[in-house]
2 protein chains.
Amino acid sequence: MNPETLTLLQQHFGSKLSTAGAVLEAHGRDESRIDFHLPDAVLFAESEEDVLDALRFAGERQFPIVPFAVGSSLEGQVIPVQGGLSLDLSGLNRVIAIEAGGFQATVQAGVTYPELNRQARQHGLFWAVDPGAEASLGGMASTNASGTGAVKYGTTRDNILEMRVALLDGRVIRVGSRARKTSAGYDLKNLFIGAEGTLGIILELTVRLWPLPAEVVVLRGNFQSVAGAAACAVSIMGAALQPERLELIDEREIHAVNVHLGRHYPERPTLWIELASPSRAALAESLALCRELCEDAGAQDLAVASSPAERADIWEARHKAYSAMVALHPTHVNLSTDVCVPLHRLPEVVAATRAACDGRGLDASFVGHVGDGNFHVLFHAAPDDKATWDAIHATYDEMMSLTLAAGGTCSGEHGIGLHKKKYLAQERADTLELMREIKAVFDPTGLLNPQKIF
Amino acid sequence: MNPETLTLLQQHFGSKLSTAGAVLEAHGRDESRIDFHLPDAVLFAESEEDVLDALRFAGERQFPIVPFAVGSSLEGQVIPVQGGLSLDLSGLNRVIAIEAGGFQATVQAGVTYPELNRQARQHGLFWAVDPGAEASLGGMASTNASGTGAVKYGTTRDNILEMRVALLDGRVIRVGSRARKTSAGYDLKNLFIGAEGTLGIILELTVRLWPLPAEVVVLRGNFQSVAGAAACAVSIMGAALQPERLELIDEREIHAVNVHLGRHYPERPTLWIELASPSRAALAESLALCRELCEDAGAQDLAVASSPAERADIWEARHKAYSAMVALHPTHVNLSTDVCVPLHRLPEVVAATRAACDGRGLDASFVGHVGDGNFHVLFHAAPDDKATWDAIHATYDEMMSLTLAAGGTCSGEHGIGLHKKKYLAQERADTLELMREIKAVFDPTGLLNPQKIF
Ligand SMILES: Cc1cc2nc3c(=O)[nH]c(=O)nc-3n(C[C@H](O)[C@H](O)[C@H](O)COP(=O)(O)OP(=O)(O)OC[C@H]3O[C@@H](n4cnc5c(N)ncnc54)[C@H](O)[C@@H]3O)c2cc1C
Ligand SMILES: Cc1cc2nc3c(=O)[nH]c(=O)nc-3n(C[C@H](O)[C@H](O)[C@H](O)COP(=O)(O)OP(=O)(O)OC[C@H]3O[C@@H](n4cnc5c(N)ncnc54)[C@H](O)[C@@H]3O)c2cc1C
């Protein structure tokens, strides 16, 4: 950004624009801490008008704009690799309406999902997608985030009805519909979902809420191996038990959670399975069937957590598993992967990935929203430990080949950003060019979050 | 199409190409029988190669191509308004694989959903989207069709994992993923779903199958008014009963069904509610709750159909309601509407639409997949009865204004085709231009199903 442009922005936005070192730093990296690039300035948008003004200036002066919400994404999505303006949307934080009778809420894009849940709870409703970080609805839409709830309630994509989006040319468009289904013209809504801020700025979202489940328990069991736990998850899904959550967490992650949160869970590959039903009788039936499936799959130490406090402890542990692992190795750099395969291929891909890690002697841990066929391997090493990083990258490449060969995808929920462009090019060799052409319809000169995705 | 081009196609495709009068006639109209335009020729494609050859010739010789599967669409989608080639895909009718462990099937685009269900049944699985006509998977994808199952299992959109699509420039691309979720790049799959053959030709689909429900019953009840029945549907959805099907059918349609199929259902506004559970005990609980909600809403003559034969009768009646009405007035032309509103707005929109019909003295009947907020009014009149047609069109316009004012959409499931372009332009004034620009990425000279949607 040239000095005149910066001066122009400062004059226009006043104290909402910052060039303070610490602010630029905080907007120059994401949670993954691998790459780093400073923006020229950060705009703390307080209104839609601020967003539209920023877009207008970007168009006129041809500088890049990188949307930034909570900054919890993991693939370098918010890093302004060409400088320019980091557009901080966390100030668009108003829950506009909760339409309880319609199971809908309308929020500004910067609202975080825990805040939406806090407000929805009094209506007996909740937003069902819960990534481990306290992400914003706009950020979640832009990466098509998931979480433990996706196995029952779908991904962010499935839970967004309508959005208002600001385009670079100043138009504000409405995509999707508040009706539960529509066959009215091209589906532009789904184009913006997962687009990582490269097509437009989401201003407002109308989303689906769900009734809080009535009777809930969590069953936990330990397995000989992560692949064994994955196989059990497949059989639970096959039995149409429709669990609320179905999570795999391996012995290393459990150890980290025990250390970090003072828990005493058995340090073995584990499944955490949440079941819910409208009535106690129905719940007892599902639980009995689920227990049986776990026993058949060789589960040990089966235990039921039925009090709200016990259940909350488990999901806190799940949500903090990533940060617990990171905290175990404070001087290391972490690399989280994220693949998703057709469910019936999950055990074999998990087993082969585990073998690939073990074969190279890597201290790699596994967690996964396995009911979706989605799992993560978390690697870590000292930043300068070249031998280990080479082994990690070779393993990552191998994991990706296994995934693609099984008909899977290089990202189940984190998106592409900077770090996965190579894998997307493998998975989508046949459509990358089309994606570029579609990008050009919305952003002909490449100003919106440049160099991301492809 | 000029004569040399036709000769070229005849030489290349031989007996697969037809210009027989009856064949052209059959491909010049759809089920709605309102508009009509003959293609210059019909190609009965027998392979992907035929499709690719047709696309290549169309590009070289610049003639329109209109995909045609079963031809059951209702908004003029298959009518070749500029002539050219009607590309009949019904010969692409192979179920390629059923992957029971993965709850997936891969089919060619011309496979009909009843045929897929016939083959899936032996695995205890089914395809859950069931429009009233025996539509093809490719056609259903192209209109984002629904049916009675959408309330529980989602629309066609929600049930397609991956597709192979042929583009005009000869590329065959893969969109979507066999994994249950993906955040890998722009969502091109959802762009082709609902695109009515204007962006590319779907060759093959990998879709989700669901386990056949174990214990099933249908509850039926009669109401004072269609709006009363709609209000009851809303309260059932609000109670999170997750019905398998939740259908409204009014006294006129019931009358038609009684006449046409020899049934004896009470000729009153009716709800047909299918409930399913893994166990009998759980089903009894849901049924009791559902009964209570119906009684609270003023339902009368509540009756339970639990035998497979009784249930099959009901769903046969539902699926044939449209043709039964059509058969009641053999010399009339029929016009089916299709709106979808946010669920909590359904009773008021139904009531106001009913009043608009009654106010104009129209013999209009109502059916609806009301668990989705989706309903249809079926109008009919003699083709030359101008006064009635004027009243019908005025009512239709009013119904659409009510729908849009309630945050709804001008098509819940039938799509836009020719007949709803006016309403789409109302609903999507802000994005029509973008849709055209996206169309141009795939089809710069407007050869694929021209003049449809916008
Ligand atoms: C500990 C931890 C656990 C996690 N667990 C999960 C998990 O279980 N599942 C999961 O899916 N992810 C998970 N994530 C990743 C992260 O939380 C998600 O990617 C989330 O969607 C990011 O939301 P955010 O608000 O932080 O967005 P940001 O990181 O600020 O932005 C993400 C992307 O969206 C763009 N963007 C943001 N707001 C807008 C807008 N309004 N309009 C247009 N573009 C916008 C940005 O430019 C960027 O490309 C985890 C991350 C951490 C650190
Ligand atoms: C009695 C009756 C009841 C109905 N009930 C319902 C209902 O409950 N719900 C509902 O949603 N619809 C319903 N419909 C409408 C109709 O069945 C649907 O629109 C269906 O999706 C059409 O499928 P088809 O195979 O007949 O496609 P066609 O009518 O042949 O084609 C539909 C559109 O898709 C395009 N197309 C077809 N195949 C392909 C392909 N392979 N690639 C690209 N484009 C293609 C065509 O060009 C056209 O634009 C009903 C229709 C009738 C007559």
# chains A, B, ... in the order shown; residues from 1 in each chain; ligands from 1
call {"tool": "residues_around", "arguments": {"residues": "B:Val66", "least_positions_apart": "4", "cutoff": "6 Å", "atoms": "only C-alpha atoms", "output": "PyMOL selection string"}}
result
chain B and resi 86-87+449
call {"tool": "residues_around", "arguments": {"residues": "stretch 59-65 of chain B", "least_positions_apart": "3", "cutoff": "6 Å", "atoms": "only C-alpha atoms", "output": "ChimeraX atom specification"}}
result
/B:56,84-86,447-449
call {"tool": "residues_around", "arguments": {"residues": "B:His329", "least_positions_apart": "3", "cutoff": "9 Å", "atoms": "only C-alpha atoms", "output": "PyMOL selection string"}}
result
chain B and resi 325-326+332-334+380-382
call {"tool": "interface_residues", "arguments": {"of": "chain A", "to": "chain B", "cutoff": "6 Å", "atoms": "only C-alpha atoms", "output": "number ranges by chain"}}
result
A: 101-102, 144, 173, 178-184, 186-187, 191, 194-195, 282, 340-344, 372, 407-408, 411-413, 415, 430
call {"tool": "write_last_selection", "arguments": {"atoms": "C-alpha atoms", "output": "PDB file, in the first residue's frame"}}
result
ATOM      1  CA  GLY A 101     -40.555 -20.350  16.214  1.00  0.00           C
ATOM      2  CA  GLY A 102     -38.645 -20.623  12.966  1.00  0.00           C
ATOM      3  CA  ASN A 144     -17.100 -24.379   6.074  1.00  0.00           C
ATOM      4  CA  ILE A 173     -26.302  -9.222  -2.319  1.00  0.00           C
ATOM      5  CA  ARG A 178     -34.785 -18.343   4.860  1.00  0.00           C
ATOM      6  CA  ALA A 179     -36.988 -21.127   3.548  1.00  0.00           C
ATOM      7  CA  ARG A 180     -35.650 -24.592   4.348  1.00  0.00           C
ATOM      8  CA  LYS A 181     -35.185 -25.396   0.688  1.00  0.00           C
ATOM      9  CA  THR A 182     -35.110 -23.547  -2.614  1.00  0.00           C
ATOM     10  CA  SER A 183     -34.708 -24.406  -6.292  1.00  0.00           C
ATOM     11  CA  ALA A 184     -34.634 -20.805  -7.447  1.00  0.00           C
ATOM     12  CA  TYR A 186     -27.951 -20.874  -9.244  1.00  0.00           C
ATOM     13  CA  ASP A 187     -26.813 -21.638  -5.733  1.00  0.00           C
ATOM     14  CA  LEU A 191     -20.112 -20.610  -3.495  1.00  0.00           C
ATOM     15  CA  GLY A 194     -15.788 -22.206   2.079  1.00  0.00           C
ATOM     16  CA  ALA A 195     -14.459 -19.422  -0.157  1.00  0.00           C
ATOM     17  CA  ALA A 282     -35.570 -44.462  23.984  1.00  0.00           C
ATOM     18  CA  CYS A 340     -11.949 -36.758   5.431  1.00  0.00           C
ATOM     19  CA  VAL A 341     -12.645 -40.070   3.726  1.00  0.00           C
ATOM     20  CA  PRO A 342     -15.788 -42.045   2.906  1.00  0.00           C
ATOM     21  CA  LEU A 343     -16.772 -43.606   6.202  1.00  0.00           C
ATOM     22  CA  HIS A 344     -16.250 -47.227   5.186  1.00  0.00           C
ATOM     23  CA  ASP A 372     -17.937 -38.021   9.513  1.00  0.00           C
ATOM     24  CA  GLY A 407     -12.001 -41.117  -2.522  1.00  0.00           C
ATOM     25  CA  GLY A 408     -11.475 -38.631   0.281  1.00  0.00           C
ATOM     26  CA  SER A 411      -9.705 -30.899   3.915  1.00  0.00           C
ATOM     27  CA  GLY A 412     -12.712 -31.999   5.870  1.00  0.00           C
ATOM     28  CA  GLU A 413     -13.108 -28.728   7.746  1.00  0.00           C
ATOM     29  CA  GLY A 415      -9.942 -25.305   4.420  1.00  0.00           C
ATOM     30  CA  ASP A 430      -9.562 -30.794 -13.138  1.00  0.00           C
TER      31      ASP A 430
END
call {"tool": "residues_near_ligand", "arguments": {"ligand": "ligand 2", "cutoff": "6 Å", "atoms": "only C-alpha atoms and all ligand atoms", "output": "short mmCIF file (atom, residue, chain, number, x, y, z; two decimals) with all heavy atoms, in the first residue's frame"}}
result
data_model
loop_
_atom_site.label_atom_id
_atom_site.label_comp_id
_atom_site.auth_asym_id
_atom_site.auth_seq_id
_atom_site.Cartn_x
_atom_site.Cartn_y
_atom_site.Cartn_z
N GLU B 31 -44.25 -31.99 -18.68
CA GLU B 31 -45.48 -32.43 -18.03
C GLU B 31 -46.49 -31.30 -17.86
O GLU B 31 -47.67 -31.54 -17.66
CB GLU B 31 -45.17 -33.06 -16.68
CG GLU B 31 -44.67 -34.48 -16.76
CD GLU B 31 -45.73 -35.44 -17.30
OE1 GLU B 31 -46.94 -35.19 -17.11
OE2 GLU B 31 -45.34 -36.43 -17.93
N VAL B 66 -30.35 -29.20 -25.39
CA VAL B 66 -31.25 -29.22 -24.23
C VAL B 66 -31.28 -30.63 -23.64
O VAL B 66 -31.81 -31.55 -24.26
CB VAL B 66 -32.67 -28.79 -24.64
CG1 VAL B 66 -33.61 -28.81 -23.43
CG2 VAL B 66 -32.66 -27.40 -25.27
N PRO B 67 -30.70 -30.81 -22.45
CA PRO B 67 -30.74 -32.14 -21.84
C PRO B 67 -32.18 -32.54 -21.51
O PRO B 67 -32.99 -31.70 -21.09
CB PRO B 67 -29.93 -31.99 -20.56
CG PRO B 67 -29.23 -30.68 -20.65
CD PRO B 67 -29.98 -29.83 -21.62
N PHE B 68 -32.48 -33.81 -21.71
CA PHE B 68 -33.82 -34.35 -21.48
C PHE B 68 -33.63 -35.71 -20.83
O PHE B 68 -32.92 -36.56 -21.35
CB PHE B 68 -34.54 -34.49 -22.82
CG PHE B 68 -35.98 -34.94 -22.72
CD1 PHE B 68 -37.03 -34.04 -22.92
CD2 PHE B 68 -36.31 -36.26 -22.42
CE1 PHE B 68 -38.35 -34.44 -22.84
CE2 PHE B 68 -37.64 -36.67 -22.33
CZ PHE B 68 -38.66 -35.77 -22.53
N ALA B 69 -34.29 -35.93 -19.69
CA ALA B 69 -34.14 -37.23 -19.03
C ALA B 69 -35.49 -37.94 -19.09
O ALA B 69 -35.82 -38.60 -20.06
CB ALA B 69 -33.63 -37.06 -17.61
N VAL B 70 -36.32 -37.74 -18.04
CA VAL B 70 -37.66 -38.32 -18.05
C VAL B 70 -38.68 -37.30 -18.60
O VAL B 70 -39.76 -37.65 -19.05
CB VAL B 70 -38.05 -38.79 -16.63
CG1 VAL B 70 -39.51 -39.20 -16.54
CG2 VAL B 70 -37.15 -39.96 -16.22
N GLY B 71 -38.30 -36.04 -18.54
CA GLY B 71 -39.21 -35.00 -19.02
C GLY B 71 -40.37 -34.72 -18.09
O GLY B 71 -41.41 -34.22 -18.50
N SER B 72 -40.19 -35.02 -16.81
CA SER B 72 -41.29 -34.83 -15.86
C SER B 72 -41.28 -33.45 -15.20
O SER B 72 -42.11 -33.17 -14.34
CB SER B 72 -41.27 -35.92 -14.79
OG SER B 72 -40.20 -35.73 -13.89
N SER B 73 -40.34 -32.61 -15.58
CA SER B 73 -40.29 -31.30 -14.92
C SER B 73 -41.49 -30.46 -15.32
O SER B 73 -42.15 -30.73 -16.33
CB SER B 73 -38.97 -30.60 -15.22
OG SER B 73 -38.65 -30.68 -16.59
N LEU B 74 -41.80 -29.46 -14.51
CA LEU B 74 -43.09 -28.79 -14.61
C LEU B 74 -43.02 -27.33 -15.01
O LEU B 74 -44.05 -26.66 -15.11
CB LEU B 74 -43.82 -28.90 -13.26
CG LEU B 74 -44.21 -30.32 -12.83
CD1 LEU B 74 -44.62 -30.36 -11.36
CD2 LEU B 74 -45.33 -30.87 -13.70
N GLN B 77 -38.75 -26.69 -18.34
CA GLN B 77 -37.28 -26.83 -18.39
C GLN B 77 -36.75 -27.55 -19.63
O GLN B 77 -35.67 -27.23 -20.11
CB GLN B 77 -36.78 -27.60 -17.15
CG GLN B 77 -36.63 -26.78 -15.89
CD GLN B 77 -37.81 -26.89 -14.95
OE1 GLN B 77 -38.90 -27.26 -15.34
NE2 GLN B 77 -37.60 -26.54 -13.69
N VAL B 78 -37.46 -28.55 -20.13
CA VAL B 78 -36.89 -29.35 -21.23
C VAL B 78 -37.32 -28.86 -22.61
O VAL B 78 -36.96 -29.46 -23.62
CB VAL B 78 -37.28 -30.85 -21.11
CG1 VAL B 78 -36.64 -31.47 -19.88
CG2 VAL B 78 -38.79 -31.04 -21.10
N ALA B 109 -26.55 -40.85 -15.03
CA ALA B 109 -27.51 -39.78 -14.79
C ALA B 109 -28.94 -40.13 -15.17
O ALA B 109 -29.90 -39.59 -14.63
CB ALA B 109 -27.08 -38.51 -15.53
N PRO B 131 -39.86 -37.50 -5.69
CA PRO B 131 -40.91 -36.70 -6.34
C PRO B 131 -42.03 -37.60 -6.85
O PRO B 131 -41.85 -38.81 -6.98
CB PRO B 131 -40.18 -36.02 -7.49
CG PRO B 131 -38.90 -36.76 -7.70
CD PRO B 131 -38.57 -37.39 -6.38
N GLY B 132 -43.16 -36.97 -7.13
CA GLY B 132 -44.33 -37.72 -7.58
C GLY B 132 -44.14 -38.45 -8.91
O GLY B 132 -44.80 -39.45 -9.17
N ALA B 133 -43.24 -37.97 -9.75
CA ALA B 133 -42.98 -38.64 -11.02
C ALA B 133 -41.76 -39.55 -10.87
O ALA B 133 -40.96 -39.38 -9.96
CB ALA B 133 -42.72 -37.61 -12.10
N ALA B 135 -38.77 -39.79 -11.70
CA ALA B 135 -37.73 -38.95 -12.29
C ALA B 135 -36.37 -39.62 -12.27
O ALA B 135 -36.14 -40.59 -11.55
CB ALA B 135 -37.69 -37.63 -11.52
N SER B 136 -35.45 -39.06 -13.08
CA SER B 136 -34.07 -39.56 -13.12
C SER B 136 -33.22 -38.82 -12.09
O SER B 136 -33.53 -37.70 -11.69
CB SER B 136 -33.48 -39.31 -14.50
OG SER B 136 -33.22 -37.92 -14.67
N GLY B 138 -30.26 -37.56 -12.64
CA GLY B 138 -29.69 -36.37 -13.27
C GLY B 138 -30.69 -35.23 -13.36
O GLY B 138 -30.36 -34.06 -13.13
N GLY B 139 -31.94 -35.57 -13.67
CA GLY B 139 -32.99 -34.55 -13.72
C GLY B 139 -33.28 -33.98 -12.34
O GLY B 139 -33.44 -32.77 -12.17
N MET B 140 -33.32 -34.86 -11.35
CA MET B 140 -33.58 -34.40 -9.99
C MET B 140 -32.45 -33.50 -9.49
O MET B 140 -32.68 -32.51 -8.81
CB MET B 140 -33.74 -35.61 -9.06
CG MET B 140 -35.00 -36.40 -9.36
SD MET B 140 -35.07 -37.95 -8.44
CE MET B 140 -35.23 -37.33 -6.77
N SER B 142 -30.69 -31.65 -11.36
CA SER B 142 -30.72 -30.41 -12.14
C SER B 142 -31.85 -29.47 -11.72
O SER B 142 -31.82 -28.28 -12.05
CB SER B 142 -30.83 -30.73 -13.63
OG SER B 142 -29.70 -31.51 -14.02
N THR B 143 -32.87 -29.99 -11.04
CA THR B 143 -33.91 -29.11 -10.50
C THR B 143 -33.84 -29.03 -8.98
O THR B 143 -34.67 -28.39 -8.36
CB THR B 143 -35.33 -29.60 -10.88
OG1 THR B 143 -35.51 -30.92 -10.33
CG2 THR B 143 -35.52 -29.66 -12.38
N ALA B 145 -34.66 -31.44 -6.91
CA ALA B 145 -35.99 -31.96 -6.58
C ALA B 145 -36.09 -32.36 -5.11
O ALA B 145 -35.08 -32.61 -4.44
CB ALA B 145 -36.31 -33.17 -7.46
N SER B 146 -37.32 -32.41 -4.64
CA SER B 146 -37.61 -32.90 -3.29
C SER B 146 -38.68 -33.96 -3.39
O SER B 146 -38.83 -34.59 -4.43
CB SER B 146 -38.10 -31.77 -2.41
OG SER B 146 -37.05 -30.97 -1.99
N GLY B 147 -39.43 -34.10 -2.34
CA GLY B 147 -40.48 -35.10 -2.30
C GLY B 147 -40.89 -35.24 -0.86
O GLY B 147 -40.57 -34.37 -0.03
N GLU B 196 -30.45 -26.76 -13.95
CA GLU B 196 -31.39 -27.06 -15.04
C GLU B 196 -30.71 -27.26 -16.39
O GLU B 196 -31.23 -26.85 -17.44
CB GLU B 196 -32.48 -25.96 -15.12
CG GLU B 196 -33.23 -25.81 -13.79
CD GLU B 196 -34.41 -24.83 -13.84
OE1 GLU B 196 -34.69 -24.27 -14.91
OE2 GLU B 196 -35.06 -24.64 -12.78
N GLY B 197 -29.54 -27.88 -16.34
CA GLY B 197 -28.85 -28.20 -17.58
C GLY B 197 -28.27 -27.02 -18.32
O GLY B 197 -27.92 -27.12 -19.49
N GLY B 200 -23.78 -27.57 -17.74
CA GLY B 200 -23.04 -28.75 -18.16
C GLY B 200 -23.97 -29.95 -18.10
O GLY B 200 -25.12 -29.83 -17.65
N ILE B 201 -23.48 -31.09 -18.59
CA ILE B 201 -24.30 -32.30 -18.59
C ILE B 201 -23.79 -33.24 -17.50
O ILE B 201 -22.63 -33.65 -17.52
CB ILE B 201 -24.22 -33.05 -19.94
CG1 ILE B 201 -24.38 -32.08 -21.13
CG2 ILE B 201 -25.24 -34.18 -19.99
CD1 ILE B 201 -25.76 -31.54 -21.33
N ILE B 202 -24.66 -33.57 -16.58
CA ILE B 202 -24.29 -34.50 -15.51
C ILE B 202 -24.26 -35.91 -16.12
O ILE B 202 -25.25 -36.34 -16.74
CB ILE B 202 -25.30 -34.44 -14.36
CG1 ILE B 202 -25.34 -33.03 -13.78
CG2 ILE B 202 -24.95 -35.47 -13.28
CD1 ILE B 202 -26.53 -32.78 -12.85
N LEU B 203 -23.14 -36.58 -15.95
CA LEU B 203 -22.99 -37.93 -16.51
C LEU B 203 -23.24 -38.98 -15.45
O LEU B 203 -23.86 -40.01 -15.72
CB LEU B 203 -21.57 -38.11 -17.07
CG LEU B 203 -21.14 -37.16 -18.20
CD1 LEU B 203 -19.66 -37.34 -18.47
CD2 LEU B 203 -21.96 -37.43 -19.45
N TYR B 322 -51.43 -35.42 -7.99
CA TYR B 322 -51.37 -34.49 -9.11
C TYR B 322 -52.08 -35.07 -10.33
O TYR B 322 -52.97 -34.42 -10.90
CB TYR B 322 -49.90 -34.18 -9.42
CG TYR B 322 -49.67 -33.30 -10.63
CD1 TYR B 322 -49.78 -31.92 -10.55
CD2 TYR B 322 -49.33 -33.86 -11.86
CE1 TYR B 322 -49.57 -31.12 -11.66
CE2 TYR B 322 -49.12 -33.07 -12.98
CZ TYR B 322 -49.24 -31.70 -12.88
OH TYR B 322 -49.03 -30.90 -13.98
N SER B 323 -51.73 -36.29 -10.69
CA SER B 323 -52.36 -36.85 -11.89
C SER B 323 -53.85 -37.11 -11.69
O SER B 323 -54.64 -37.02 -12.63
CB SER B 323 -51.63 -38.12 -12.36
OG SER B 323 -51.30 -38.93 -11.28
N GLU B 413 -38.98 -26.60 -5.05
CA GLU B 413 -38.49 -27.86 -5.60
C GLU B 413 -38.63 -28.02 -7.11
O GLU B 413 -37.94 -28.85 -7.69
CB GLU B 413 -39.17 -29.04 -4.91
CG GLU B 413 -40.70 -28.97 -4.91
CD GLU B 413 -41.36 -30.20 -4.26
OE1 GLU B 413 -40.69 -30.89 -3.48
OE2 GLU B 413 -42.53 -30.47 -4.57
N HIS B 414 -39.50 -27.27 -7.76
CA HIS B 414 -39.69 -27.51 -9.20
C HIS B 414 -38.71 -26.77 -10.08
O HIS B 414 -38.51 -27.15 -11.23
CB HIS B 414 -41.11 -27.12 -9.63
CG HIS B 414 -42.18 -27.99 -9.03
ND1 HIS B 414 -43.51 -27.66 -9.07
CD2 HIS B 414 -42.12 -29.18 -8.39
CE1 HIS B 414 -44.22 -28.60 -8.46
NE2 HIS B 414 -43.40 -29.52 -8.04
#
call {"tool": "atom_distance", "arguments": {"atom1": "atom CA of B:Ala233", "atom2": "atom CA of B:Val216"}}
result
18.4 Å
call {"tool": "residues_around", "arguments": {"residues": "stretch 352-356 of chain A", "least_positions_apart": "4", "cutoff": "8 Å", "atoms": "only C-alpha atoms", "output": "VMD selection string"}}
result
chain A and resid 226 348 360 395 398 to 399 402
call {"tool": "write_last_selection", "arguments": {"atoms": "C-alpha atoms", "output": "PDB file, in the first residue's frame"}}
result
ATOM      1  CA  VAL A 226      -6.787 -45.959  16.735  1.00  0.00           C
ATOM      2  CA  GLU A 348      -7.870 -48.600   6.672  1.00  0.00           C
ATOM      3  CA  ARG A 360       9.218 -42.815  10.724  1.00  0.00           C
ATOM      4  CA  THR A 395       4.263 -38.630   6.121  1.00  0.00           C
ATOM      5  CA  GLU A 398       1.641 -40.179   2.209  1.00  0.00           C
ATOM      6  CA  MET A 399      -1.468 -39.536   4.315  1.00  0.00           C
ATOM      7  CA  LEU A 402      -3.970 -42.589   0.997  1.00  0.00           C
TER       8      LEU A 402
END
call {"tool": "select_by_dssp", "arguments": {"residues": "stretch 199-288 of chain A", "states": "strand (DSSP E or B)", "output": "MDAnalysis selection string"}}
result
chainID A and resid 201:208 210:211 215:222 245:249 270:277
